[in-house]
Amino acid sequence: MNKHIIAFASVTQANKAKSVFERYGLKAEVKRTPGTLFRGCGFSVAVEGRSDRLVKIMEDNGISYKSISSAQGK
Amino acid sequence: MIYFDNAATTYPKPESVRRAAAEAIVRYGGNPGRSGHKMSIAASEAVYSVREKAGKFFGAEPENVIFTANCTESLNMAIKGLAEQELREGRPFHVIISSLEHNSVFRPVHELTKRGLSYSIAEVSADDTVTVNNFEALIKPHTKAVICTLGSNVTGQLLPYERIGAMCRRRHICFVGDGAQVCGVVPIDMKRDNINILCMPGHKGLYGISGTGLLITDGQYPIYHILEGGTGSTSLEAEQTPFLPEELESGTVNTVGIVTVGAGIDFISKTGAERIHSRETALCDQLINELDGESRVRIYRRERCNYLPIVLFNVEGIAPEETAAYLNDAGFALRGGLHCSGLAHRSIGTLPDGGVRFSPSVFNTPTQTHMLANAVKKLARSKG
């Protein structure tokens, strides 16, 4: 299964996403956003799952995110 | 010392809260929302879990839960944050407060008159319908908010906040509730009770430690920040972070305190809010009954009103501070004086000295209350 890094504007949104993903049975971890994705402060969630499903879950739960990218090879 | 000053801050804290504080100092030493190392991430997750818990407890989204240092700070942020843009642009901004307000509402509102805000004071009646009508009668075309206590810290009288909120919703006015004495004691749901912004301490009815407060918003009325600084977000921008909760949480939050608030909410949920309320109310009823018939003891309660577990009384001919000092010497902690609420004491006719406030917690017992009643009787009978 693909692992994705989803970047958020704030640690609160990242934690909210983690909490929601875990409710859907997905293992998620909050991390600092890698510098290659964004400059400045930011937090991400590393989570396994199909990107379309992850996006749908976030949309259904009112979570806004900055980007979603595959973590493969990172 | 038998502690009956829980309206000021609850004591003792539940064992689970004390344990949570000790654990938090060890486990959550990192700065939440700042760094990427495990300790910082763990701290941010702990803080978020309390945001989620408080949001669920009061009917709000977790990101709309803002942690502050106390209820006064929450109220200042709400009042000044609501008015800031309008006053800056020279638009009229009128608010209505109640006759039972604590200075944490009255003073920031009064302070803003220096910048053009105007306010009116609605008299709180023993009749809820009259109270709601008193508020509505004061609405002007430029009234933007009703800001009022949900329950008096002086007499314990509960305001008809759900009805005041419904009236505000109908009139498109923001309703800011000061839940200092109510939150954790009476079930509050912001949606059901029509509250747009709810302010509260974490260290009273929620049983957290001192230095904790919450501001919870439904997001309908923007609250401009009154403090700028590091938020862990949008760090390249000169402008303050534009989204909640970070916009209103500049600087490092009180992680240990926040964790204790979470443990306090768990304690209330586990014990049962109704059970806590009925136990405390029973102690108030007991005190009133035991002092009934004491000709020199006056208790400030009105018929047909709903009350929080608070009893205000005075011993005739003895200043309340003197009564409180006597009780302190006898081993009882109660607060005498004006309780930071000159407005409320003016309203009930207890100026200039105020009264003595009895405010039990779930940890007090009927035996302790009986001992207090005897001490008050002894004082009342000693100086004829």
# chains A, B, ... in the order shown; residues from 1 in each chain; ligands from 1
$ interface_residues --of "chain B" --to "chain A" --cutoff "8 Å" --atoms "only C-alpha atoms" --output "list in words"
Gly33, Arg34, Ser35, Gly36, Ile41, Ser44, Glu45, Tyr48, Pro62, Glu63, Gly232, Ser233, Thr234, Ser235, Leu236, Pro245 and Glu246 of chain B
$ select_by_dssp --residues "chain A" --states "strand (DSSP E or B)" --output "list in words"
Lys3, His4, Ile5, Ile6, Ala7, Phe8, Ala28, Glu29, Val30, Lys31, Arg32, Phe43, Ser44, Val45, Ala46, Val47, Glu48, Ser67, Ile68, Ser69 and Ser70 of chain A
$ write_last_selection --atoms "N, CA and C atoms" --output "PDB file, in the first residue's frame"
ATOM      1  N   LYS A   3       2.415   4.765   0.860  1.00  0.00           N
ATOM      2  CA  LYS A   3       2.504   5.651   2.016  1.00  0.00           C
ATOM      3  C   LYS A   3       2.522   7.083   1.490  1.00  0.00           C
ATOM      4  N   HIS A   4       1.748   7.939   2.131  1.00  0.00           N
ATOM      5  CA  HIS A   4       1.675   9.324   1.687  1.00  0.00           C
ATOM      6  C   HIS A   4       2.087  10.280   2.798  1.00  0.00           C
ATOM      7  N   ILE A   5       2.635  11.387   2.340  1.00  0.00           N
ATOM      8  CA  ILE A   5       2.925  12.485   3.264  1.00  0.00           C
ATOM      9  C   ILE A   5       1.942  13.603   2.932  1.00  0.00           C
ATOM     10  N   ILE A   6       1.127  13.965   3.916  1.00  0.00           N
ATOM     11  CA  ILE A   6       0.149  15.036   3.708  1.00  0.00           C
ATOM     12  C   ILE A   6       0.586  16.229   4.549  1.00  0.00           C
ATOM     13  N   ALA A   7       0.787  17.349   3.879  1.00  0.00           N
ATOM     14  CA  ALA A   7       1.273  18.547   4.581  1.00  0.00           C
ATOM     15  C   ALA A   7       0.097  19.436   5.003  1.00  0.00           C
ATOM     16  N   PHE A   8       0.238  20.020   6.186  1.00  0.00           N
ATOM     17  CA  PHE A   8      -0.807  20.895   6.748  1.00  0.00           C
ATOM     18  C   PHE A   8      -0.217  22.240   7.153  1.00  0.00           C
ATOM     19  N   ALA A  28      -1.380   6.401  11.414  1.00  0.00           N
ATOM     20  CA  ALA A  28      -0.896   7.715  10.981  1.00  0.00           C
ATOM     21  C   ALA A  28       0.091   8.267  11.997  1.00  0.00           C
ATOM     22  N   GLU A  29       1.006   9.068  11.490  1.00  0.00           N
ATOM     23  CA  GLU A  29       2.039   9.632  12.358  1.00  0.00           C
ATOM     24  C   GLU A  29       2.279  11.093  11.995  1.00  0.00           C
ATOM     25  N   VAL A  30       2.294  11.956  13.011  1.00  0.00           N
ATOM     26  CA  VAL A  30       2.571  13.384  12.764  1.00  0.00           C
ATOM     27  C   VAL A  30       4.070  13.591  12.719  1.00  0.00           C
ATOM     28  N   LYS A  31       4.503  14.327  11.708  1.00  0.00           N
ATOM     29  CA  LYS A  31       5.929  14.622  11.554  1.00  0.00           C
ATOM     30  C   LYS A  31       6.092  16.073  11.143  1.00  0.00           C
ATOM     31  N   ARG A  32       7.282  16.569  11.296  1.00  0.00           N
ATOM     32  CA  ARG A  32       7.615  17.880  10.751  1.00  0.00           C
ATOM     33  C   ARG A  32       7.598  17.747   9.223  1.00  0.00           C
ATOM     34  N   PHE A  43       3.599  21.034   9.563  1.00  0.00           N
ATOM     35  CA  PHE A  43       3.548  19.652  10.034  1.00  0.00           C
ATOM     36  C   PHE A  43       2.813  18.789   9.020  1.00  0.00           C
ATOM     37  N   SER A  44       3.203  17.538   8.988  1.00  0.00           N
ATOM     38  CA  SER A  44       2.626  16.599   8.031  1.00  0.00           C
ATOM     39  C   SER A  44       2.139  15.360   8.771  1.00  0.00           C
ATOM     40  N   VAL A  45       1.371  14.580   8.045  1.00  0.00           N
ATOM     41  CA  VAL A  45       0.981  13.268   8.552  1.00  0.00           C
ATOM     42  C   VAL A  45       1.444  12.226   7.543  1.00  0.00           C
ATOM     43  N   ALA A  46       2.161  11.248   8.040  1.00  0.00           N
ATOM     44  CA  ALA A  46       2.536  10.106   7.208  1.00  0.00           C
ATOM     45  C   ALA A  46       1.485   9.027   7.422  1.00  0.00           C
ATOM     46  N   VAL A  47       0.862   8.594   6.350  1.00  0.00           N
ATOM     47  CA  VAL A  47      -0.247   7.638   6.482  1.00  0.00           C
ATOM     48  C   VAL A  47      -0.278   6.717   5.264  1.00  0.00           C
ATOM     49  N   GLU A  48      -0.616   5.471   5.505  1.00  0.00           N
ATOM     50  CA  GLU A  48      -0.708   4.527   4.400  1.00  0.00           C
ATOM     51  C   GLU A  48      -2.134   4.479   3.874  1.00  0.00           C
ATOM     52  N   SER A  67      -0.788  19.822   0.734  1.00  0.00           N
ATOM     53  CA  SER A  67      -0.354  18.960  -0.374  1.00  0.00           C
ATOM     54  C   SER A  67      -0.377  17.511   0.074  1.00  0.00           C
ATOM     55  N   ILE A  68      -0.436  16.628  -0.903  1.00  0.00           N
ATOM     56  CA  ILE A  68      -0.329  15.201  -0.610  1.00  0.00           C
ATOM     57  C   ILE A  68       0.642  14.617  -1.630  1.00  0.00           C
ATOM     58  N   SER A  69       1.608  13.873  -1.117  1.00  0.00           N
ATOM     59  CA  SER A  69       2.598  13.306  -2.044  1.00  0.00           C
ATOM     60  C   SER A  69       2.978  11.903  -1.583  1.00  0.00           C
ATOM     61  N   SER A  70       3.432  11.116  -2.533  1.00  0.00           N
ATOM     62  CA  SER A  70       3.839   9.756  -2.216  1.00  0.00           C
ATOM     63  C   SER A  70       5.145   9.783  -1.443  1.00  0.00           C
TER      64      SER A  70
END
$ closest_residue --among "B:Val65, B:Ile209, B:Leu198, B:Ile348" --to "Glu123 in chain B" --atoms "only C-alpha atoms"
B:Ile348
$ closest_residue --among "B:Arg169, B:Arg91, B:Arg163, B:Lys56" --to "Asp189 in chain B" --atoms "only C-alpha atoms"
B:Lys56
$ atom_distance --atom1 "CA of Phe67 in chain B" --atom2 "CA of Gly213 in chain B"
5.9 Å
$ residues_around --residues "range 285-300 of chain B" --least-positions-apart "6" --cutoff "6 Å" --atoms "only C-alpha atoms" --output "PyMOL selection string"
chain B and resi 312-316+380
$ write_last_selection --atoms "C-alpha atoms" --output "PDB file, in the first residue's frame"
ATOM      1  CA  LEU B 312     -24.080  34.024  49.600  1.00  0.00           C
ATOM      2  CA  PHE B 313     -24.797  35.048  53.175  1.00  0.00           C
ATOM      3  CA  ASN B 314     -24.045  37.649  55.784  1.00  0.00           C
ATOM      4  CA  VAL B 315     -24.158  37.761  59.548  1.00  0.00           C
ATOM      5  CA  GLU B 316     -25.960  40.912  60.579  1.00  0.00           C
ATOM      6  CA  ALA B 380     -24.193  34.967  64.920  1.00  0.00           C
TER       7      ALA B 380
END
$ residues_around --residues "Arg50 in chain A" --least-positions-apart "3" --cutoff "9 Å" --atoms "only C-alpha atoms" --output "PyMOL selection string"
chain A and resi 1-4+53-55
$ write_last_selection --atoms "N, CA and C atoms" --output "compact mmCIF listing (two decimals), in the first residue's frame"
# COMPACT_ATOMS: atom_id res chain seq x y z
N MET A 1 0.85 -1.21 0.00
CA MET A 1 0.00 0.00 0.00
C MET A 1 0.88 1.25 0.00
N ASN A 2 0.46 2.28 -0.70
CA ASN A 2 1.24 3.51 -0.78
C ASN A 2 1.26 4.27 0.54
N LYS A 3 2.41 4.77 0.86
CA LYS A 3 2.50 5.65 2.02
C LYS A 3 2.52 7.08 1.49
N HIS A 4 1.75 7.94 2.13
CA HIS A 4 1.68 9.32 1.69
C HIS A 4 2.09 10.28 2.80
N ARG A 53 -8.68 7.89 -1.41
CA ARG A 53 -9.42 7.60 -0.18
C ARG A 53 -9.03 8.58 0.93
N LEU A 54 -7.73 8.86 1.02
CA LEU A 54 -7.27 9.78 2.06
C LEU A 54 -7.87 11.16 1.86
N VAL A 55 -7.90 11.61 0.61
CA VAL A 55 -8.48 12.93 0.30
C VAL A 55 -9.96 12.96 0.65
$ select_by_dssp --residues "chain A" --states "alpha helix (DSSP H)" --output "PyMOL selection string"
chain A and resi 11-23+51-60
$ write_last_selection --atoms "C-alpha atoms" --output "mmCIF file, in the first residue's frame"
data_model
loop_
_atom_site.group_PDB
_atom_site.id
_atom_site.type_symbol
_atom_site.label_atom_id
_atom_site.label_comp_id
_atom_site.auth_asym_id
_atom_site.auth_seq_id
_atom_site.Cartn_x
_atom_site.Cartn_y
_atom_site.Cartn_z
ATOM 1 C CA VAL A 11 0.082 21.171 13.874
ATOM 2 C CA THR A 12 -3.579 21.255 14.961
ATOM 3 C CA GLN A 13 -4.786 20.321 11.496
ATOM 4 C CA ALA A 14 -2.121 17.595 11.327
ATOM 5 C CA ASN A 15 -3.251 16.178 14.656
ATOM 6 C CA LYS A 16 -6.872 16.385 13.616
ATOM 7 C CA ALA A 17 -6.069 14.431 10.450
ATOM 8 C CA LYS A 18 -4.148 11.832 12.455
ATOM 9 C CA SER A 19 -7.067 11.445 14.851
ATOM 10 C CA VAL A 20 -9.555 11.084 11.988
ATOM 11 C CA PHE A 21 -7.385 8.617 10.029
ATOM 12 C CA GLU A 22 -7.024 6.477 13.126
ATOM 13 C CA ARG A 23 -10.803 6.401 13.479
ATOM 14 C CA SER A 51 -4.534 8.944 -2.090
ATOM 15 C CA ASP A 52 -8.125 9.282 -3.346
ATOM 16 C CA ARG A 53 -9.422 7.598 -0.179
ATOM 17 C CA LEU A 54 -7.268 9.779 2.061
ATOM 18 C CA VAL A 55 -8.476 12.934 0.305
ATOM 19 C CA LYS A 56 -12.086 11.788 0.590
ATOM 20 C CA ILE A 57 -11.696 11.154 4.324
ATOM 21 C CA MET A 58 -10.222 14.610 4.832
ATOM 22 C CA GLU A 59 -12.941 16.286 2.780
ATOM 23 C CA ASP A 60 -15.664 14.424 4.652
#
$ atom_distance --atom1 "CA of Thr231 in chain B" --atom2 "CA of Ser250 in chain B"
5.1 Å
$ closest_residue --among "B:Ala180, B:Met200, B:Ala24, B:Ala69" --to "Thr252 in chain B" --atoms "only C-alpha atoms"
B:Ala69
$ atom_distance --atom1 "CA of Leu100 in chain B" --atom2 "CA of Arg335 in chain B"
17.5 Å
$ residues_around --residues "Ser361 in chain B" --least-positions-apart "6" --cutoff "9 Å" --atoms "only C-alpha atoms" --output "VMD selection string"
chain B and resid 3 to 7 10 to 12 205 276 to 277 279 to 280 309
$ write_last_selection --atoms "N, CA and C atoms" --output "PDB file, in the first residue's frame"
ATOM      1  N   TYR B   3     -12.239  23.277  52.888  1.00  0.00           N
ATOM      2  CA  TYR B   3     -12.242  24.223  51.776  1.00  0.00           C
ATOM      3  C   TYR B   3     -13.632  24.360  51.169  1.00  0.00           C
ATOM      4  N   PHE B   4     -14.177  25.573  51.252  1.00  0.00           N
ATOM      5  CA  PHE B   4     -15.487  25.864  50.649  1.00  0.00           C
ATOM      6  C   PHE B   4     -15.376  27.062  49.703  1.00  0.00           C
ATOM      7  N   ASP B   5     -14.258  27.179  49.013  1.00  0.00           N
ATOM      8  CA  ASP B   5     -14.041  28.337  48.127  1.00  0.00           C
ATOM      9  C   ASP B   5     -13.838  27.862  46.689  1.00  0.00           C
ATOM     10  N   ASN B   6     -14.647  26.892  46.301  1.00  0.00           N
ATOM     11  CA  ASN B   6     -14.461  26.272  44.979  1.00  0.00           C
ATOM     12  C   ASN B   6     -14.912  27.151  43.823  1.00  0.00           C
ATOM     13  N   ALA B   7     -15.661  28.212  44.096  1.00  0.00           N
ATOM     14  CA  ALA B   7     -16.020  29.140  43.022  1.00  0.00           C
ATOM     15  C   ALA B   7     -14.814  29.994  42.632  1.00  0.00           C
ATOM     16  N   THR B  10     -11.140  25.210  42.330  1.00  0.00           N
ATOM     17  CA  THR B  10     -11.491  23.979  43.031  1.00  0.00           C
ATOM     18  C   THR B  10     -10.273  23.383  43.751  1.00  0.00           C
ATOM     19  N   TYR B  11     -10.558  22.858  44.943  1.00  0.00           N
ATOM     20  CA  TYR B  11      -9.535  22.193  45.749  1.00  0.00           C
ATOM     21  C   TYR B  11     -10.235  21.193  46.669  1.00  0.00           C
ATOM     22  N   PRO B  12      -9.723  20.004  46.787  1.00  0.00           N
ATOM     23  CA  PRO B  12      -8.544  19.472  46.098  1.00  0.00           C
ATOM     24  C   PRO B  12      -8.881  19.094  44.666  1.00  0.00           C
ATOM     25  N   GLY B 205     -14.653  24.471  37.653  1.00  0.00           N
ATOM     26  CA  GLY B 205     -15.494  23.289  37.479  1.00  0.00           C
ATOM     27  C   GLY B 205     -14.883  22.189  36.643  1.00  0.00           C
ATOM     28  N   ILE B 276     -22.433  15.195  40.291  1.00  0.00           N
ATOM     29  CA  ILE B 276     -21.630  16.238  40.935  1.00  0.00           C
ATOM     30  C   ILE B 276     -22.536  17.409  41.314  1.00  0.00           C
ATOM     31  N   HIS B 277     -23.361  17.808  40.360  1.00  0.00           N
ATOM     32  CA  HIS B 277     -24.235  18.963  40.588  1.00  0.00           C
ATOM     33  C   HIS B 277     -25.219  18.698  41.726  1.00  0.00           C
ATOM     34  N   ARG B 279     -24.944  16.581  44.201  1.00  0.00           N
ATOM     35  CA  ARG B 279     -24.256  16.474  45.493  1.00  0.00           C
ATOM     36  C   ARG B 279     -23.931  17.870  46.048  1.00  0.00           C
ATOM     37  N   GLU B 280     -23.402  18.727  45.180  1.00  0.00           N
ATOM     38  CA  GLU B 280     -23.047  20.080  45.627  1.00  0.00           C
ATOM     39  C   GLU B 280     -24.302  20.880  45.992  1.00  0.00           C
ATOM     40  N   PRO B 309     -24.445  25.709  42.694  1.00  0.00           N
ATOM     41  CA  PRO B 309     -24.121  25.390  44.097  1.00  0.00           C
ATOM     42  C   PRO B 309     -23.246  26.466  44.748  1.00  0.00           C
TER      43      PRO B 309
END
$ decode --residues "range 29-60 of chain B" --atoms "N, CA and C atoms" --output "PDB file, in the first residue's frame"
ATOM      1  N   GLY B  29       7.520  17.158  27.927  1.00  0.00           N
ATOM      2  CA  GLY B  29       8.442  18.265  28.180  1.00  0.00           C
ATOM      3  C   GLY B  29       8.768  19.087  26.955  1.00  0.00           C
ATOM      4  N   GLY B  30       8.500  18.555  25.766  1.00  0.00           N
ATOM      5  CA  GLY B  30       8.806  19.310  24.544  1.00  0.00           C
ATOM      6  C   GLY B  30       7.798  20.413  24.311  1.00  0.00           C
ATOM      7  N   ASN B  31       8.168  21.348  23.420  1.00  0.00           N
ATOM      8  CA  ASN B  31       7.261  22.466  23.118  1.00  0.00           C
ATOM      9  C   ASN B  31       6.276  22.020  22.032  1.00  0.00           C
ATOM     10  N   PRO B  32       4.983  21.970  22.352  1.00  0.00           N
ATOM     11  CA  PRO B  32       4.016  21.434  21.381  1.00  0.00           C
ATOM     12  C   PRO B  32       3.874  22.324  20.156  1.00  0.00           C
ATOM     13  N   GLY B  33       3.907  21.703  18.981  1.00  0.00           N
ATOM     14  CA  GLY B  33       3.663  22.450  17.752  1.00  0.00           C
ATOM     15  C   GLY B  33       4.835  23.271  17.274  1.00  0.00           C
ATOM     16  N   ARG B  34       6.001  23.000  17.790  1.00  0.00           N
ATOM     17  CA  ARG B  34       7.165  23.763  17.377  1.00  0.00           C
ATOM     18  C   ARG B  34       8.193  22.882  16.668  1.00  0.00           C
ATOM     19  N   SER B  35       8.675  21.893  17.362  1.00  0.00           N
ATOM     20  CA  SER B  35       9.769  21.084  16.799  1.00  0.00           C
ATOM     21  C   SER B  35       9.239  19.769  16.234  1.00  0.00           C
ATOM     22  N   GLY B  36      10.153  19.032  15.582  1.00  0.00           N
ATOM     23  CA  GLY B  36       9.747  17.778  14.977  1.00  0.00           C
ATOM     24  C   GLY B  36      10.204  16.552  15.738  1.00  0.00           C
ATOM     25  N   HIS B  37      10.894  16.755  16.860  1.00  0.00           N
ATOM     26  CA  HIS B  37      11.363  15.583  17.613  1.00  0.00           C
ATOM     27  C   HIS B  37      10.218  14.943  18.389  1.00  0.00           C
ATOM     28  N   LYS B  38      10.477  13.742  18.873  1.00  0.00           N
ATOM     29  CA  LYS B  38       9.392  12.946  19.461  1.00  0.00           C
ATOM     30  C   LYS B  38       8.734  13.617  20.661  1.00  0.00           C
ATOM     31  N   MET B  39       9.536  14.299  21.482  1.00  0.00           N
ATOM     32  CA  MET B  39       8.939  14.914  22.679  1.00  0.00           C
ATOM     33  C   MET B  39       7.991  16.054  22.308  1.00  0.00           C
ATOM     34  N   SER B  40       8.373  16.799  21.282  1.00  0.00           N
ATOM     35  CA  SER B  40       7.508  17.907  20.854  1.00  0.00           C
ATOM     36  C   SER B  40       6.232  17.372  20.211  1.00  0.00           C
ATOM     37  N   ILE B  41       6.393  16.349  19.382  1.00  0.00           N
ATOM     38  CA  ILE B  41       5.210  15.752  18.727  1.00  0.00           C
ATOM     39  C   ILE B  41       4.278  15.148  19.775  1.00  0.00           C
ATOM     40  N   ALA B  42       4.867  14.464  20.763  1.00  0.00           N
ATOM     41  CA  ALA B  42       4.032  13.852  21.819  1.00  0.00           C
ATOM     42  C   ALA B  42       3.264  14.929  22.579  1.00  0.00           C
ATOM     43  N   ALA B  43       3.930  16.043  22.847  1.00  0.00           N
ATOM     44  CA  ALA B  43       3.253  17.139  23.564  1.00  0.00           C
ATOM     45  C   ALA B  43       2.116  17.707  22.714  1.00  0.00           C
ATOM     46  N   SER B  44       2.367  17.861  21.414  1.00  0.00           N
ATOM     47  CA  SER B  44       1.316  18.430  20.552  1.00  0.00           C
ATOM     48  C   SER B  44       0.127  17.477  20.457  1.00  0.00           C
ATOM     49  N   GLU B  45       0.391  16.191  20.470  1.00  0.00           N
ATOM     50  CA  GLU B  45      -0.714  15.219  20.429  1.00  0.00           C
ATOM     51  C   GLU B  45      -1.513  15.251  21.732  1.00  0.00           C
ATOM     52  N   ALA B  46      -0.794  15.436  22.842  1.00  0.00           N
ATOM     53  CA  ALA B  46      -1.489  15.519  24.140  1.00  0.00           C
ATOM     54  C   ALA B  46      -2.377  16.765  24.179  1.00  0.00           C
ATOM     55  N   VAL B  47      -1.853  17.881  23.696  1.00  0.00           N
ATOM     56  CA  VAL B  47      -2.641  19.123  23.674  1.00  0.00           C
ATOM     57  C   VAL B  47      -3.847  18.951  22.750  1.00  0.00           C
ATOM     58  N   TYR B  48      -3.619  18.357  21.600  1.00  0.00           N
ATOM     59  CA  TYR B  48      -4.734  18.175  20.649  1.00  0.00           C
ATOM     60  C   TYR B  48      -5.824  17.275  21.244  1.00  0.00           C
ATOM     61  N   SER B  49      -5.409  16.252  21.955  1.00  0.00           N
ATOM     62  CA  SER B  49      -6.419  15.331  22.505  1.00  0.00           C
ATOM     63  C   SER B  49      -7.348  16.065  23.477  1.00  0.00           C
ATOM     64  N   VAL B  50      -6.806  17.061  24.192  1.00  0.00           N
ATOM     65  CA  VAL B  50      -7.662  17.839  25.101  1.00  0.00           C
ATOM     66  C   VAL B  50      -8.550  18.795  24.304  1.00  0.00           C
ATOM     67  N   ARG B  51      -8.007  19.329  23.205  1.00  0.00           N
ATOM     68  CA  ARG B  51      -8.830  20.160  22.315  1.00  0.00           C
ATOM     69  C   ARG B  51     -10.048  19.367  21.838  1.00  0.00           C
ATOM     70  N   GLU B  52      -9.779  18.145  21.448  1.00  0.00           N
ATOM     71  CA  GLU B  52     -10.835  17.275  20.934  1.00  0.00           C
ATOM     72  C   GLU B  52     -11.858  16.977  22.055  1.00  0.00           C
ATOM     73  N   LYS B  53     -11.317  16.680  23.226  1.00  0.00           N
ATOM     74  CA  LYS B  53     -12.160  16.327  24.372  1.00  0.00           C
ATOM     75  C   LYS B  53     -13.049  17.511  24.785  1.00  0.00           C
ATOM     76  N   ALA B  54     -12.440  18.696  24.864  1.00  0.00           N
ATOM     77  CA  ALA B  54     -13.197  19.895  25.261  1.00  0.00           C
ATOM     78  C   ALA B  54     -14.224  20.247  24.192  1.00  0.00           C
ATOM     79  N   GLY B  55     -13.831  20.091  22.923  1.00  0.00           N
ATOM     80  CA  GLY B  55     -14.762  20.373  21.834  1.00  0.00           C
ATOM     81  C   GLY B  55     -15.981  19.468  21.917  1.00  0.00           C
ATOM     82  N   LYS B  56     -15.739  18.200  22.163  1.00  0.00           N
ATOM     83  CA  LYS B  56     -16.844  17.250  22.272  1.00  0.00           C
ATOM     84  C   LYS B  56     -17.714  17.558  23.498  1.00  0.00           C
ATOM     85  N   PHE B  57     -17.068  17.927  24.586  1.00  0.00           N
ATOM     86  CA  PHE B  57     -17.768  18.197  25.853  1.00  0.00           C
ATOM     87  C   PHE B  57     -18.720  19.390  25.734  1.00  0.00           C
ATOM     88  N   PHE B  58     -18.308  20.399  24.928  1.00  0.00           N
ATOM     89  CA  PHE B  58     -19.111  21.620  24.833  1.00  0.00           C
ATOM     90  C   PHE B  58     -19.774  21.803  23.461  1.00  0.00           C
ATOM     91  N   GLY B  59     -19.610  20.822  22.573  1.00  0.00           N
ATOM     92  CA  GLY B  59     -20.286  20.890  21.276  1.00  0.00           C
ATOM     93  C   GLY B  59     -19.617  21.809  20.279  1.00  0.00           C
ATOM     94  N   ALA B  60     -18.296  21.684  20.114  1.00  0.00           N
ATOM     95  CA  ALA B  60     -17.579  22.533  19.156  1.00  0.00           C
ATOM     96  C   ALA B  60     -16.490  21.723  18.443  1.00  0.00           C
TER      97      ALA B  60
END
